[in-house]
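Working notes, structure below.
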Amino acid sequence: MGGKSGAAENGEDAERTGSPESAEAFEEADGGGLLVERARRARWAAAGTGIALALAGVAAALLRAVGGAPALVATAYAGGAAVCALAAVLGARGRTRRALWTTIAGVMVMALGDQFD
């Protein structure tokens, strides 16, 4: 269609993806929408994990606040829950790598709150 050769099209793919090998691997792995399905599962996993950890953080913050723990502990749990909720939003929007690191940061904030207890 337009007179482009296969090598020219692969060259354009290489410019977008970084190397001809990654362009070929992408084309080979996409057999029947495999990559689309993997991306969908990664989004669901990232969003689900973020939601679950956010709910756990909110529950822990409420329990610590009612239980007489220092305010810093409940605040750390609530802050970690907010970061995990952000990770859920990032995961739902397809930013799975950022969602992973944000989830880790949220859990670390909650763990820091646990150290103050």
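Residues in the structure tokens are named by chain (A, B, ... in the order shown) and by number from 1 within that chain; ligands are numbered from 1 in the order shown.
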
Tell me, as a JSON list (two decimals) with N, CA, C and O atoms, in the first residue's frame, which residues lie within 12 Å of segment 56-73 of chain A, counting only C-alpha atoms; anything in the same chain fewer than 2 positions away does not count.
[["chain", "number", "residue", "atom", "x", "y", "z"],
["A", 49, "THR", "N", -5.09, -5.30, 43.70],
["A", 49, "THR", "CA", -4.13, -5.27, 44.81],
["A", 49, "THR", "C", -4.15, -3.92, 45.50],
["A", 49, "THR", "O", -4.14, -3.85, 46.73],
["A", 50, "GLY", "N", -4.18, -2.86, 44.72],
["A", 50, "GLY", "CA", -4.24, -1.52, 45.30],
["A", 50, "GLY", "C", -5.48, -1.31, 46.14],
["A", 50, "GLY", "O", -5.43, -0.76, 47.24],
["A", 51, "ILE", "N", -6.62, -1.78, 45.64],
["A", 51, "ILE", "CA", -7.88, -1.63, 46.38],
["A", 51, "ILE", "C", -7.84, -2.45, 47.67],
["A", 51, "ILE", "O", -8.21, -1.95, 48.74],
["A", 52, "ALA", "N", -7.38, -3.68, 47.59],
["A", 52, "ALA", "CA", -7.32, -4.54, 48.77],
["A", 52, "ALA", "C", -6.41, -3.95, 49.84],
["A", 52, "ALA", "O", -6.77, -3.92, 51.04],
["A", 53, "LEU", "N", -5.25, -3.46, 49.42],
["A", 53, "LEU", "CA", -4.33, -2.88, 50.40],
["A", 53, "LEU", "C", -4.84, -1.56, 50.95],
["A", 53, "LEU", "O", -4.61, -1.24, 52.12],
["A", 54, "ALA", "N", -5.53, -0.79, 50.13],
["A", 54, "ALA", "CA", -6.11, 0.46, 50.62],
["A", 54, "ALA", "C", -7.18, 0.18, 51.67],
["A", 54, "ALA", "O", -7.23, 0.85, 52.71],
["A", 75, "THR", "N", -2.14, 7.77, 61.41],
["A", 75, "THR", "CA", -1.87, 8.63, 60.26],
["A", 75, "THR", "C", -1.02, 7.90, 59.22],
["A", 75, "THR", "O", -1.27, 8.04, 58.01],
["A", 76, "ALA", "N", -0.04, 7.14, 59.67],
["A", 76, "ALA", "CA", 0.81, 6.39, 58.74],
["A", 76, "ALA", "C", 0.00, 5.34, 57.99],
["A", 76, "ALA", "O", 0.16, 5.17, 56.77],
["A", 77, "TYR", "N", -0.88, 4.64, 58.70],
["A", 77, "TYR", "CA", -1.72, 3.65, 58.03],
["A", 77, "TYR", "C", -2.66, 4.33, 57.02],
["A", 77, "TYR", "O", -2.85, 3.83, 55.91],
["A", 78, "ALA", "N", -3.25, 5.44, 57.42],
["A", 78, "ALA", "CA", -4.15, 6.15, 56.51],
["A", 78, "ALA", "C", -3.39, 6.69, 55.30],
["A", 78, "ALA", "O", -3.89, 6.64, 54.16],
["A", 79, "GLY", "N", -2.18, 7.19, 55.52],
["A", 79, "GLY", "CA", -1.36, 7.69, 54.40],
["A", 79, "GLY", "C", -0.97, 6.57, 53.45],
["A", 79, "GLY", "O", -1.01, 6.72, 52.22],
["A", 80, "GLY", "N", -0.59, 5.42, 54.01],
["A", 80, "GLY", "CA", -0.26, 4.26, 53.18],
["A", 80, "GLY", "C", -1.46, 3.78, 52.39],
["A", 80, "GLY", "O", -1.35, 3.37, 51.23],
["A", 81, "ALA", "N", -2.65, 3.84, 53.03],
["A", 81, "ALA", "CA", -3.87, 3.46, 52.33],
["A", 81, "ALA", "C", -4.16, 4.40, 51.17],
["A", 81, "ALA", "O", -4.59, 3.96, 50.10],
["A", 82, "ALA", "N", -3.91, 5.69, 51.38],
["A", 82, "ALA", "CA", -4.12, 6.66, 50.29],
["A", 82, "ALA", "C", -3.16, 6.40, 49.13],
["A", 82, "ALA", "O", -3.56, 6.49, 47.95],
["A", 83, "VAL", "N", -1.92, 6.06, 49.44],
["A", 83, "VAL", "CA", -0.95, 5.77, 48.38],
["A", 83, "VAL", "C", -1.35, 4.50, 47.64],
["A", 83, "VAL", "O", -1.25, 4.43, 46.41],
["A", 84, "CYS", "N", -1.85, 3.50, 48.35],
["A", 84, "CYS", "CA", -2.32, 2.26, 47.70],
["A", 84, "CYS", "C", -3.56, 2.52, 46.85],
["A", 84, "CYS", "O", -3.73, 1.90, 45.79],
["A", 85, "ALA", "N", -4.42, 3.44, 47.29],
["A", 85, "ALA", "CA", -5.58, 3.80, 46.47],
["A", 85, "ALA", "C", -5.12, 4.47, 45.17],
["A", 85, "ALA", "O", -5.68, 4.22, 44.10],
["A", 103, "THR", "N", 2.36, 0.88, 44.94],
["A", 103, "THR", "CA", 1.86, -0.08, 45.93],
["A", 103, "THR", "C", 2.95, -0.41, 46.94],
["A", 103, "THR", "O", 2.70, -0.46, 48.15],
["A", 106, "GLY", "N", 3.30, 2.47, 49.30],
["A", 106, "GLY", "CA", 2.20, 2.51, 50.26],
["A", 106, "GLY", "C", 2.35, 1.49, 51.37],
["A", 106, "GLY", "O", 2.12, 1.79, 52.54],
["A", 107, "VAL", "N", 2.77, 0.29, 51.02],
["A", 107, "VAL", "CA", 2.98, -0.75, 52.02],
["A", 107, "VAL", "C", 4.14, -0.37, 52.93],
["A", 107, "VAL", "O", 4.10, -0.61, 54.15],
["A", 108, "MET", "N", 5.17, 0.26, 52.38],
["A", 108, "MET", "CA", 6.29, 0.70, 53.20],
["A", 108, "MET", "C", 5.86, 1.78, 54.20],
["A", 108, "MET", "O", 6.32, 1.79, 55.35],
["A", 109, "VAL", "N", 4.98, 2.67, 53.79],
["A", 109, "VAL", "CA", 4.47, 3.69, 54.70],
["A", 109, "VAL", "C", 3.67, 3.04, 55.81],
["A", 109, "VAL", "O", 3.80, 3.42, 56.99],
["A", 110, "MET", "N", 2.85, 2.05, 55.48],
["A", 110, "MET", "CA", 2.09, 1.34, 56.50],
["A", 110, "MET", "C", 3.02, 0.57, 57.44],
["A", 110, "MET", "O", 2.78, 0.54, 58.66],
["A", 111, "ALA", "N", 4.07, -0.01, 56.91],
["A", 111, "ALA", "CA", 5.03, -0.72, 57.75],
["A", 111, "ALA", "C", 5.76, 0.24, 58.68],
["A", 111, "ALA", "O", 6.05, -0.09, 59.83],
["A", 112, "LEU", "N", 6.03, 1.43, 58.20],
["A", 112, "LEU", "CA", 6.66, 2.45, 59.05],
["A", 112, "LEU", "C", 5.71, 2.83, 60.20],
["A", 112, "LEU", "O", 6.15, 2.98, 61.34],
["A", 113, "GLY", "N", 4.42, 2.95, 59.91],
["A", 113, "GLY", "CA", 3.45, 3.20, 60.96],
["A", 113, "GLY", "C", 3.41, 2.08, 61.98],
["A", 113, "GLY", "O", 3.23, 2.33, 63.18],
["A", 114, "ASP", "N", 3.60, 0.86, 61.53],
["A", 114, "ASP", "CA", 3.61, -0.27, 62.44],
["A", 114, "ASP", "C", 4.82, -0.21, 63.36],
["A", 114, "ASP", "O", 4.76, -0.66, 64.51],
["A", 115, "GLN", "N", 5.92, 0.35, 62.89],
["A", 115, "GLN", "CA", 7.11, 0.49, 63.72],
["A", 115, "GLN", "C", 6.92, 1.51, 64.85],
["A", 115, "GLN", "O", 7.56, 1.41, 65.89],
["A", 116, "PHE", "N", 6.05, 2.47, 64.66],
["A", 116, "PHE", "CA", 5.78, 3.47, 65.69],
["A", 116, "PHE", "C", 4.87, 2.92, 66.78],
["A", 116, "PHE", "O", 4.71, 3.54, 67.83],
["A", 117, "ASP", "N", 4.23, 1.81, 66.54],
["A", 117, "ASP", "CA", 3.25, 1.26, 67.48],
["A", 117, "ASP", "C", 3.93, 0.58, 68.63],
["A", 117, "ASP", "O", 4.78, -0.09, 68.73]]

For Val89 of chain A, find every residue with an atom within 10 Å (counting only C-alpha atoms), except residues of its own chain fewer than 6 positions away, and show them as a count of residues only.
10

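You will find atom CA of Thr102 of chain A at 7.4 Å from atom CA of Leu86 of chain A.
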